[in-house]
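Enquirer: Got a structure here, written out as structure tokens. Questions coming.
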Amino acid sequence: MLEHKDIVEEIKVIVFRLVDEEYGVEVSQVRSIEHMQKITRVPRTPEFVKGVINLRGIVTPVIDLKARFALGEENYTDSTRIIIVAVEDMEVGLIVDAANDVIDIPVNKIEPPPAVVGGINKAYLRGVAKLADRLLIMLNLDKVLSNEEIQAMSSIER
Amino acid sequence: MDMNQYLDMFIEESKEHLQAINENLLSLEQNPQSLDIINVVFRSAHTLKGMAATMGFEKMAHLTHDMENGLDLMRNGKLSVTQYAMDVLFSCVDVLETQLNQIIETGTDAGVNVDSLVEQLKAIASGKPVAAATPAPAVAAANVVVPPDATGTGNLSLNEYESTILQQSKEKGFIAYQINVELEEKCVMRAARAYMVFDAYERIGEIIKSDPRVEDLEEEKFENEFMLVLVTQEDVEKVRKAGLNVSEVSNVTVTVIDVHVSAPEAVVAIPQIAPIIQAAQQVAATSAPVAAAPKASVQETTKKPQLGKSVRVDIERLDVLINLFSELVIDRTRLEQIARDLGNQSLYETVEHMSRISTDLQNIVMTIRMVPVETVFNRFPRMVRDLARDLNKKVNFVIRGQETELDRTVIDEIGDPLVHLLRNSLDHGLEKPEARLQNGKDETGLVELVAFHSGNHVFIEITDDGNGINRQGVLKKALEKGVVDQFTAENMTDQQVYDLLFHSGFSTAEVISDVSGRGVGLDVVKTKIESLGGRVLVQSTPGKGTKFSIQLPLTLSIIQAMLVQIADEKYAIPLSSIIETAIINKADIKKVHKQAVIDFRGRVVPLLSLEDIFSIPRPDQQNLDEQNVVIVRKGDKMAALVVDSFIGQQEVVLKSLGKYLTGGVFAISGATILGDGQVALIMDCNALIH
């Protein structure tokens, strides 16, 4: 199987941290990584929607991933980053504790997720990449950014 | 050759031609005698055929070819303009539209079946129904016999219109001459000489035709000779001299045209004209204006559409321009703020100058996006015509103010609501002809569609002179549907009753018709208009008619807003919603059914706390004796919004909250970027007032 391994497909992922776990999103889905900045709160939205920012003239919604997955209190520090991701033509900023690595991982290293990893429902996960010295949780952004909850929220309001 | 690059152009131009055909067929229906209109339709169909054939859309070319044949017969008087013929022509336009849409979607026109239409066209063209169909055109056809021409300029062929003129002039004692003018070989400015000849003849009579056409003469598209038909009272010799007096004219041949008036022979005479249709085609183009205004004949080029003064721009580029400009407006606001803070005089002056320029620029950029409402209105005459026929009603449909301009985004959205209101007027508003006669009204109903500017708004009004809104009918329905209770119903004003029409799930049509009254109706119209930042109102006089007026903002992307502050948050309230700002005393706040209200100029207005509605966090509670409020309105309902302070009025660029949040945020219609780079949310006051 060695020769097969040589030609295996690899994907480039951005690695970020939430509390103690490391997560990955594909580079192709990431537009930019921003420092923490002033966020304008948008009233009557779910708790994890922190508001909107001015991203070079484009008003971009920002959500707190930790709050999204109920992983603990928000605690913004100097290493806190906003990763701007795009799913189809929807751009959203994700607040993460740190983002500082870009690595290549072979696709065949990604295993289907167990029921729950680090407290996150597997519906939001694409899989888990087991690398030599680290474990990367790959997010399924389509699901994470499904705005069903936002829409549900608005139907309650009206 | 790759045709794809031409496809867009083909589609655009085909749309224009189809629209032109549609419009002209409608006016032809009104004036069946007008050869001019038939000619315009013919030319459009001809151009369409040519374009379709070049692009390889054979079915389209095939259909237009047969249309052209039919029109050609009409033009030559062989086929009368009957209702049946008109119907077939209208269905042709419909099918062509379908084909065009299919071309837009799939790149081919193969899927649309044109056979049955082609058959119908052929049936008409074969002449079978012609003789008996309808009375022949009122004008008696004249048989024109021209002696063979020695100079060989070609045979004289006259269309129905020209023959009529000749015939009428003869009755009045005028003589018609065919004049062949030859210019000298060395003549350099042939167009100018031709003009001088025309000028000379117009002094003594009226030129009713020329060959080549006037346009071609002006562009020197002729060799050394041309032909005129002149109607005058002068004798042959004088006519000949008038031409020869122009320098560089070598020879003038004058022949008297013999005009036989013989109505019954008209049908027989037509085959004589048939072989020279090509010439008639050229003739028709020039005939009418010449007769109407003799002086205009040579300057006829002014009649041609003005080309070359406009350019087609991809709408996406315009959007990019607007977006870039919006950025500029934001930076302008920012610069103004910095200049004010720094207090540097020369910086301040420069910024102020820049602001003025950018305001001018803004006006221009905004007008570029403006499109006349005509682009939406022009499809309505046809729709109204078809609808009136389906409903067996007689309608005089009047459009005014179609040149009024609106932002393109609004134009794109306004079509459907207008269709709905027009259908509503025709179906529910206008009575049947019999009922109208009984009520002492003209049998033909009047529906008016009027657009006009006023201030920062555009109004579109749809008025009918029908029966008005039946108050009892509306109330009965409202009670049935449980929209109001008996007590409220009795105490409602007429206006409030009419507003019930916009309530969702409301339709007053006794019988649910195909046209309107499917229960999804005016409420959809209202929602749409309000989503465009506009309002819709209804006024009605029983027995006299109903008027729907729509008020729309001129533009959507840059609006005037009042910035307010509540605790640490800033919000923008669109100025169009604001009536005024006020300071109220805490003692003046009353409670009605647990709702805080204030007395504002004699009206009881609910007092809404934005702090509560938007759950705005406030570090330290404040307890003031006075409160700032913004009085906002939705229709004629009002509300007072409590704010901490007013920051000021400014132009803001309306931006979406981003797709993720779109449609999900209560009472927020969008966001804007302030001078300091922060985002402020724009409040949707309509959602706050119930």
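Residues in the structure tokens are numbered from 1 in each chain, the chains being A, B, ... in the order shown, and ligands are numbered from 1 in the order shown.
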Compile the residues of chain B that lie within 8 Å of chain A, evaluated using only C-alpha atoms, and express the compilation as a compact mmCIF listing (two decimals) with C-alpha atoms, in the first residue's frame.
Expert:
```txt
# COMPACT_ATOMS: atom_id res chain seq x y z
CA GLU B 327 -17.43 53.40 -0.05
CA GLU B 569 -25.32 51.55 20.83
CA PHE B 614 -33.59 45.55 21.50
CA SER B 615 -32.50 44.38 25.00
CA ILE B 616 -29.75 46.97 24.98
CA LYS B 655 -26.00 47.57 3.40
CA SER B 656 -27.26 44.08 3.95
CA LEU B 657 -26.54 42.38 7.27
CA GLY B 658 -24.99 39.53 5.35
CA LYS B 659 -26.73 36.47 4.03
CA TYR B 660 -26.37 34.59 7.29
CA LEU B 661 -28.67 36.99 9.13
CA GLY B 663 -34.56 37.70 7.07
CA GLY B 664 -33.88 36.72 10.62
CA VAL B 665 -33.61 39.97 12.52
CA PHE B 666 -36.62 41.66 14.03
CA ALA B 671 -26.75 48.16 8.45
CA THR B 672 -24.54 51.05 7.52
CA ILE B 673 -20.93 51.96 8.12
CA GLY B 677 -15.74 52.69 10.62
CA GLN B 678 -18.23 51.20 13.05
CA VAL B 679 -21.35 49.45 11.91
CA ALA B 680 -24.72 50.94 12.92
CA LEU B 681 -27.95 49.07 12.42
```
Enquirer: May I have the residues within 12 Å of Thr527 (chain B) as a list of chain:residue names, using only C-alpha atoms and disregarding those fewer than 4 positions away in the same chain?
Expert: B:Glu413, B:Ile414, B:Asp416, B:Pro417, B:Phe502, B:His503, B:Ser504, B:Val520, B:Gly521, B:Leu522, B:Asp523, B:Ser531, B:Leu532, B:Gly533, B:Gly534, B:Arg535, B:Val536, B:Asn686, B:Ala687
Enquirer: Only N, CA and C atoms, please: the residues just picked out, written as a JSON list (two decimals), in the first residue's frame.
Expert:
```
[["chain", "number", "residue", "atom", "x", "y", "z"],
["B", 413, "GLU", "N", -38.68, 45.26, -9.26],
["B", 413, "GLU", "CA", -39.58, 44.65, -8.29],
["B", 413, "GLU", "C", -41.02, 45.12, -8.45],
["B", 414, "ILE", "N", -41.21, 46.23, -9.13],
["B", 414, "ILE", "CA", -42.51, 46.89, -9.09],
["B", 414, "ILE", "C", -43.52, 46.26, -10.07],
["B", 416, "ASP", "N", -44.73, 43.13, -10.72],
["B", 416, "ASP", "CA", -45.78, 42.23, -10.25],
["B", 416, "ASP", "C", -46.86, 42.93, -9.44],
["B", 417, "PRO", "N", -46.49, 43.78, -8.47],
["B", 417, "PRO", "CA", -47.56, 44.48, -7.75],
["B", 417, "PRO", "C", -48.47, 45.29, -8.68],
["B", 502, "PHE", "N", -56.08, 44.96, 2.35],
["B", 502, "PHE", "CA", -54.68, 44.57, 2.34],
["B", 502, "PHE", "C", -54.38, 43.51, 3.38],
["B", 503, "HIS", "N", -55.41, 43.12, 4.13],
["B", 503, "HIS", "CA", -55.21, 42.09, 5.14],
["B", 503, "HIS", "C", -54.97, 40.76, 4.45],
["B", 504, "SER", "N", -54.05, 39.96, 5.01],
["B", 504, "SER", "CA", -53.70, 38.71, 4.31],
["B", 504, "SER", "C", -54.90, 37.76, 4.27],
["B", 520, "VAL", "N", -54.71, 35.28, -2.37],
["B", 520, "VAL", "CA", -53.40, 35.89, -2.17],
["B", 520, "VAL", "C", -53.41, 37.12, -3.05],
["B", 521, "GLY", "N", -53.57, 38.25, -2.48],
["B", 521, "GLY", "CA", -53.76, 39.38, -3.35],
["B", 521, "GLY", "C", -53.08, 40.61, -2.85],
["B", 522, "LEU", "N", -53.93, 41.52, -2.43],
["B", 522, "LEU", "CA", -53.43, 42.84, -2.12],
["B", 522, "LEU", "C", -52.45, 42.83, -0.96],
["B", 523, "ASP", "N", -52.54, 41.83, -0.08],
["B", 523, "ASP", "CA", -51.57, 41.82, 1.02],
["B", 523, "ASP", "C", -50.17, 41.56, 0.48],
["B", 531, "SER", "N", -41.53, 46.33, 1.35],
["B", 531, "SER", "CA", -40.15, 45.85, 1.35],
["B", 531, "SER", "C", -39.26, 46.76, 0.50],
["B", 532, "LEU", "N", -39.87, 47.52, -0.39],
["B", 532, "LEU", "CA", -39.12, 48.47, -1.21],
["B", 532, "LEU", "C", -39.05, 49.83, -0.52],
["B", 533, "GLY", "N", -39.53, 49.87, 0.71],
["B", 533, "GLY", "CA", -39.49, 51.13, 1.44],
["B", 533, "GLY", "C", -40.62, 52.06, 1.03],
["B", 534, "GLY", "N", -41.64, 51.52, 0.40],
["B", 534, "GLY", "CA", -42.75, 52.37, -0.06],
["B", 534, "GLY", "C", -44.02, 52.12, 0.72],
["B", 535, "ARG", "N", -45.08, 52.77, 0.28],
["B", 535, "ARG", "CA", -46.37, 52.63, 0.94],
["B", 535, "ARG", "C", -47.44, 52.51, -0.13],
["B", 536, "VAL", "N", -48.54, 51.86, 0.21],
["B", 536, "VAL", "CA", -49.64, 51.81, -0.74],
["B", 536, "VAL", "C", -50.91, 52.24, -0.02],
["B", 686, "ASN", "N", -41.43, 50.02, 10.48],
["B", 686, "ASN", "CA", -42.68, 49.36, 10.12],
["B", 686, "ASN", "C", -42.95, 48.16, 11.01],
["B", 687, "ALA", "N", -41.87, 47.47, 11.38],
["B", 687, "ALA", "CA", -42.05, 46.26, 12.19],
["B", 687, "ALA", "C", -42.42, 46.61, 13.63]]
```
Enquirer: Considering only C-alpha atoms, state which residue in the set A:Ile95, A:Val25, A:Ile14, A:Val107 is at the smallest distance from Leu125 (chain A).
Expert: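 Among the listed residues, A:Val25 lies closest to Leu125 (chain A).
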Enquirer: Name all residues at most 8 Å from Ile11 (chain A) (count only C-alpha atoms; drop same-chain ones fewer than 2 positions away) and give them as a list in words.
Expert: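 Neighbouring residues, sequence-local ones excluded: Glu9, Val13, Glu26, Asp104, Ile105, Pro106 and Val107 of chain A.
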Enquirer: Using only C-alpha atoms, which residues sit within 9 Å of Leu217 (chain B) once same-chain residues fewer than 6 positions away are excluded, as a list of chain:residue names?
Expert: B:Arg190, B:Ala191, B:Ala194, B:Tyr195, B:Asp211, B:Phe226
Enquirer: Quick one: residues within 6 Å of Phe16 (chain A), only C-alpha atoms counted, chain neighbours fewer than 4 positions away excluded, as a PyMOL selection string?
Expert: chain A and resi 22-23+98-99
Enquirer: Region 16-157 of chain A: which residues are strand (DSSP E) by DSSP, as a PyMOL selection string?
Expert: chain A and resi 16-18+21-26+30-35+49-55+58-64+81-87+90-96+98-106+110-111+116-117+120-121+125-130+135-139
Enquirer: Please list as a compact mmCIF listing (two decimals) with N, CA, C and O atoms, in the first residue's frame every residue within 7 Å of Phe48 (chain A), counting only C-alpha atoms and excluding residues in the same chain fewer than 5 positions away.
Expert:
```txt
# COMPACT_ATOMS: atom_id res chain seq x y z
N ILE A 63 -20.01 34.96 14.41
CA ILE A 63 -20.54 34.11 15.47
C ILE A 63 -19.40 33.59 16.34
O ILE A 63 -18.25 33.47 15.89
N ASP A 64 -19.71 33.32 17.60
CA ASP A 64 -18.72 32.81 18.54
C ASP A 64 -18.82 31.30 18.52
O ASP A 64 -19.81 30.72 18.94
N ALA A 67 -19.47 29.57 21.82
CA ALA A 67 -20.86 29.68 22.25
C ALA A 67 -21.74 28.78 21.37
O ALA A 67 -22.70 28.17 21.86
N ARG A 68 -21.39 28.71 20.07
CA ARG A 68 -22.17 27.90 19.14
C ARG A 68 -22.21 26.45 19.61
O ARG A 68 -23.23 25.79 19.53
```
